[in-house]
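Peer 1: This is the structure I want to talk about, given as structure tokens.
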Amino acid sequence: MRISKFGGLVAIGLVAAGLAPQTAKADMIGSTFGWQYYGGGSAYNPDTGGSETSGVFTDNGGAGGSFIEPGPLEVFDIEADGDTITFDYSPDTTIGPWSSSPLSLAPTIYNGVAITLLSPGSWDSVTIDPATNMAGFGTSNFSFTDNQIEIDWQDLPFSNSTIVTLDIGFESATPEPGTLSLMLLLSLAISFCAARRRFRRLA
């Protein structure tokens with residue numbers, strides 16, 4: 001069976017497009033996150049005494065949210081930059097450790113917080129940064145999918161010097177510049193070949 005030059009070019013273009021990466025390594029600045037605290041077997045929403053147990057923020061390289069228990073008692077700030085999410089306990093006005101709880105959000109959270117990526121992109125890796133100093137905090141205390149990270153503090157100690165930092169591998173939803181260039185060149189080549197075929201039919 002004979003394959004025309006035009007058909008061959010389309011086939012090559014489809015293969016090349018399939019092999020080319022469709023996402024690009026990037027940082028999280030400008031991404032939008034939602035966060036929700038969980039404890040006692042469900043989402044923790046007392047909504048009393050000036051509490052703050054959930055929210056939405058845009059990553060601007062600094063603080064994005066604060067977990068404040070009724071009282072109000074501020075426990076930690078949530079900070080994000082290009083490739084980390086940090087839980088900073090320096091404003092802590094309570095006394096640790098975290099209490100025990102039934103499972104509040106499967107598969108990981110008994111007493112802890114979930115961070116959800118609300119804007120395009122995905123998380124492909126989450127690891128513990130060496131700056132983390134919460135005693136007992138390890139890989140069993142968090143889990144992640146491409147758009148959510150679950151962190152569990154159950155029974156772990158904390159003070160106003162506690163820091164938990166997670167290193168994040170982030171994939172943007174925008175094709176790499178090389179992929180965009182390849183797609184443009186293929187589009188121009190296919191258009192040129194189609195025009196030549198139309199011209200030959202008219203000649």
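Following the order of the structure tokens, first chain is A, next is B, and so on, with residues numbered from 1 inside each chain and ligands from 1 in the order they appear.
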Please identify which residues in stretch 66-127 of chain A DSSP calls strand (DSSP E) from the backbone, and express them as a PyMOL selection string.

Peer 2: chain A and resi 66-69+73-80+84-88+112-117+122-127

Peer 1: Which residues, written as a VMD selection string, have at least one atom at most 10 Å from A:Asp81, with only C-alpha atoms counted and residues fewer than 5 positions away on the same chain left out?

Peer 2: chain A and resid 27 to 31 59 to 64 86 168

Peer 1: Could you write those residues out with N, CA and C atoms, as a short mmCIF file (atom, residue, chain, number, x, y, z; two decimals), in the first residue's frame?

Peer 2:
data_model
loop_
_atom_site.label_atom_id
_atom_site.label_comp_id
_atom_site.auth_asym_id
_atom_site.auth_seq_id
_atom_site.Cartn_x
_atom_site.Cartn_y
_atom_site.Cartn_z
N ASP A 27 8.04 25.72 38.88
CA ASP A 27 7.82 25.92 40.30
C ASP A 27 6.35 26.25 40.54
N MET A 28 5.97 26.32 41.81
CA MET A 28 4.55 26.44 42.17
C MET A 28 4.08 27.87 42.33
N ILE A 29 4.97 28.87 42.18
CA ILE A 29 4.57 30.26 42.35
C ILE A 29 3.39 30.57 41.43
N GLY A 30 2.36 31.16 42.00
CA GLY A 30 1.16 31.48 41.24
C GLY A 30 0.09 30.41 41.31
N SER A 31 0.43 29.22 41.82
CA SER A 31 -0.56 28.15 41.95
C SER A 31 -1.52 28.45 43.10
N ASP A 59 0.01 30.79 45.98
CA ASP A 59 1.43 30.70 46.34
C ASP A 59 2.15 31.96 45.87
N ASN A 60 2.57 32.79 46.83
CA ASN A 60 3.31 34.00 46.50
C ASN A 60 4.70 34.00 47.11
N GLY A 61 5.14 32.81 47.55
CA GLY A 61 6.46 32.69 48.14
C GLY A 61 6.50 32.93 49.63
N GLY A 62 5.34 33.03 50.28
CA GLY A 62 5.31 33.29 51.71
C GLY A 62 4.13 32.61 52.37
N ALA A 63 3.67 33.21 53.49
CA ALA A 63 2.57 32.63 54.27
C ALA A 63 1.28 32.67 53.46
N GLY A 64 0.51 31.56 53.55
CA GLY A 64 -0.73 31.48 52.81
C GLY A 64 -1.94 31.21 53.68
N THR A 86 5.73 24.55 53.76
CA THR A 86 6.24 24.53 55.13
C THR A 86 5.13 24.80 56.12
N ILE A 168 8.65 19.57 47.13
CA ILE A 168 7.62 19.20 46.17
C ILE A 168 8.18 19.16 44.75
#

Peer 1: Might you pull out every residue within 6 Å of stretch 109-125 of chain A, with only C-alpha atoms counted and same-chain residues fewer than 6 positions away left off, and present them as a list of chain:residue names?

Peer 2: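 Everything that qualifies: A:Ser31, A:Thr32, A:Phe33, A:Gly34, A:Trp35, A:Gln36, A:Tyr37, A:Tyr38, A:Gly39, A:Ser101, A:Pro102, A:Leu103, A:Asp146, A:Asn147, A:Gln148, A:Ile149, A:Glu150, A:Ile151, A:Asp152, A:Trp153, A:Gln154, A:Ile168, A:Gly169, A:Phe170, A:Glu171, A:Ser172, A:Ala173.
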
Peer 1: Convert the current residue selection to file output with C-alpha atoms, as a PDB file, in the first residue's frame.

Peer 2:
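Output file part-v7.pdb is given in full below:
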ATOM      1  CA  SER A  31      -0.558  28.149  41.950  1.00  0.00           C
ATOM      2  CA  THR A  32      -3.734  28.095  44.035  1.00  0.00           C
ATOM      3  CA  PHE A  33      -4.066  25.802  47.054  1.00  0.00           C
ATOM      4  CA  GLY A  34      -6.936  24.870  49.317  1.00  0.00           C
ATOM      5  CA  TRP A  35      -6.359  23.534  52.829  1.00  0.00           C
ATOM      6  CA  GLN A  36      -8.588  21.808  55.371  1.00  0.00           C
ATOM      7  CA  TYR A  37      -7.845  20.569  58.877  1.00  0.00           C
ATOM      8  CA  TYR A  38      -9.153  17.130  59.890  1.00  0.00           C
ATOM      9  CA  GLY A  39      -9.584  15.636  63.357  1.00  0.00           C
ATOM     10  CA  SER A 101      -8.053  10.659  66.856  1.00  0.00           C
ATOM     11  CA  PRO A 102     -10.028   8.158  64.785  1.00  0.00           C
ATOM     12  CA  LEU A 103      -9.250   8.177  61.055  1.00  0.00           C
ATOM     13  CA  ASP A 146      -1.179  14.346  41.900  1.00  0.00           C
ATOM     14  CA  ASN A 147      -3.350  17.066  43.463  1.00  0.00           C
ATOM     15  CA  GLN A 148      -3.533  16.443  47.218  1.00  0.00           C
ATOM     16  CA  ILE A 149      -1.101  16.021  50.116  1.00  0.00           C
ATOM     17  CA  GLU A 150      -2.301  14.565  53.442  1.00  0.00           C
ATOM     18  CA  ILE A 151      -0.242  15.264  56.589  1.00  0.00           C
ATOM     19  CA  ASP A 152      -0.913  13.532  59.914  1.00  0.00           C
ATOM     20  CA  TRP A 153       0.368  14.841  63.266  1.00  0.00           C
ATOM     21  CA  GLN A 154      -1.382  12.355  65.606  1.00  0.00           C
ATOM     22  CA  ILE A 168       7.622  19.200  46.166  1.00  0.00           C
ATOM     23  CA  GLY A 169       8.176  18.002  42.615  1.00  0.00           C
ATOM     24  CA  PHE A 170       5.713  20.010  40.510  1.00  0.00           C
ATOM     25  CA  GLU A 171       4.669  19.514  36.896  1.00  0.00           C
ATOM     26  CA  SER A 172       3.004  22.419  35.123  1.00  0.00           C
ATOM     27  CA  ALA A 173       0.167  21.815  32.669  1.00  0.00           C
TER      28      ALA A 173
END

Peer 1: Might you pull out every residue within 8 Å of A:Phe158, with only C-alpha atoms counted and same-chain residues fewer than 5 positions away left off, and present them as a list in words?

Peer 2: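 The contact residues come out as Tyr89, Ile95, Gly96, Pro97, Trp98, Met134 and Ala135 of chain A.
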
Peer 1: Keeping only N, CA and C atoms, write those residues as a compact mmCIF listing (two decimals), in the first residue's frame.

Peer 2:
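Listing of again-v5.txt after writing:
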# COMPACT_ATOMS: atom_id res chain seq x y z
N TYR A 89 5.55 26.47 63.07
CA TYR A 89 4.89 26.53 64.37
C TYR A 89 5.35 27.71 65.22
N ILE A 95 -0.05 24.04 73.77
CA ILE A 95 0.90 23.09 74.33
C ILE A 95 0.70 21.74 73.64
N GLY A 96 1.79 21.18 73.05
CA GLY A 96 1.71 19.87 72.38
C GLY A 96 1.72 18.76 73.42
N PRO A 97 1.63 17.49 73.00
CA PRO A 97 1.57 17.01 71.62
C PRO A 97 0.16 17.03 71.04
N TRP A 98 0.07 16.68 69.74
CA TRP A 98 -1.22 16.51 69.12
C TRP A 98 -1.93 15.31 69.74
N MET A 134 10.33 18.18 63.53
CA MET A 134 9.29 17.60 64.39
C MET A 134 9.67 16.17 64.74
N ALA A 135 9.88 15.89 66.01
CA ALA A 135 10.31 14.56 66.45
C ALA A 135 9.28 13.52 66.07

Peer 1: Would you pick out the contacts of A:Gly71 at 7 Å or less, using only C-alpha atoms, so that residues sharing its chain but fewer than 2 positions from it are not included, and give the list as a list in words?

Peer 2: Gly49, Gly50, Glu69 and Leu73 of chain A

Peer 1: Quick one: write out the picked residues with C-alpha atoms as a PDB file, in the first residue's frame?

Peer 2:
ATOM      1  CA  GLY A  49     -13.894  31.821  68.827  1.00  0.00           C
ATOM      2  CA  GLY A  50     -12.035  33.249  65.838  1.00  0.00           C
ATOM      3  CA  GLU A  69      -8.095  26.796  67.068  1.00  0.00           C
ATOM      4  CA  LEU A  73      -5.122  29.839  69.624  1.00  0.00           C
TER       5      LEU A  73
END

Peer 1: If we count only C-alpha atoms, what is near A:Asp47 at a cut-off of 9 Å, once residues fewer than 5 positions away on the same chain are taken out, given as JSON, numbers by chain?

Peer 2: {"A": [52, 53, 70]}

Peer 1: Restrict the selected residues to N, CA and C atoms and save them as a CSV table (one decimal), in the first residue's frame.

Peer 2:
chain,number,residue,atom,x,y,z
A,52,GLU,N,-9.7,29.3,62.6
A,52,GLU,CA,-9.5,29.3,61.1
A,52,GLU,C,-8.9,27.9,60.8
A,53,THR,N,-9.8,27.0,60.2
A,53,THR,CA,-9.4,25.6,60.1
A,53,THR,C,-9.4,25.2,58.6
A,70,PRO,N,-10.2,27.4,68.2
A,70,PRO,CA,-11.0,28.3,69.0
A,70,PRO,C,-10.3,28.8,70.2

Peer 1: Given the choices A:Gly82, A:Asn45, A:Asp167, A:Pro157, which gets closest to A:Thr94 if the distance is worked out from only C-alpha atoms?

Peer 2: A:Pro157

Peer 1: What does the distance from atom CA of A:Thr145 to atom CA of A:Val75 come to in Å, to one decimal?

Peer 2: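 Distance reported for this atom pair: 25.8 Å.
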
Peer 1: To one decimal place, how far is atom CA of A:Leu156 from atom CA of A:Gly138 in Å?

Peer 2: 10.7 Å

Peer 1: When you draw a straight line from atom CA of A:Ser159 to atom CA of A:Pro91, how long is it in Å?

Peer 2: 9.3 Å
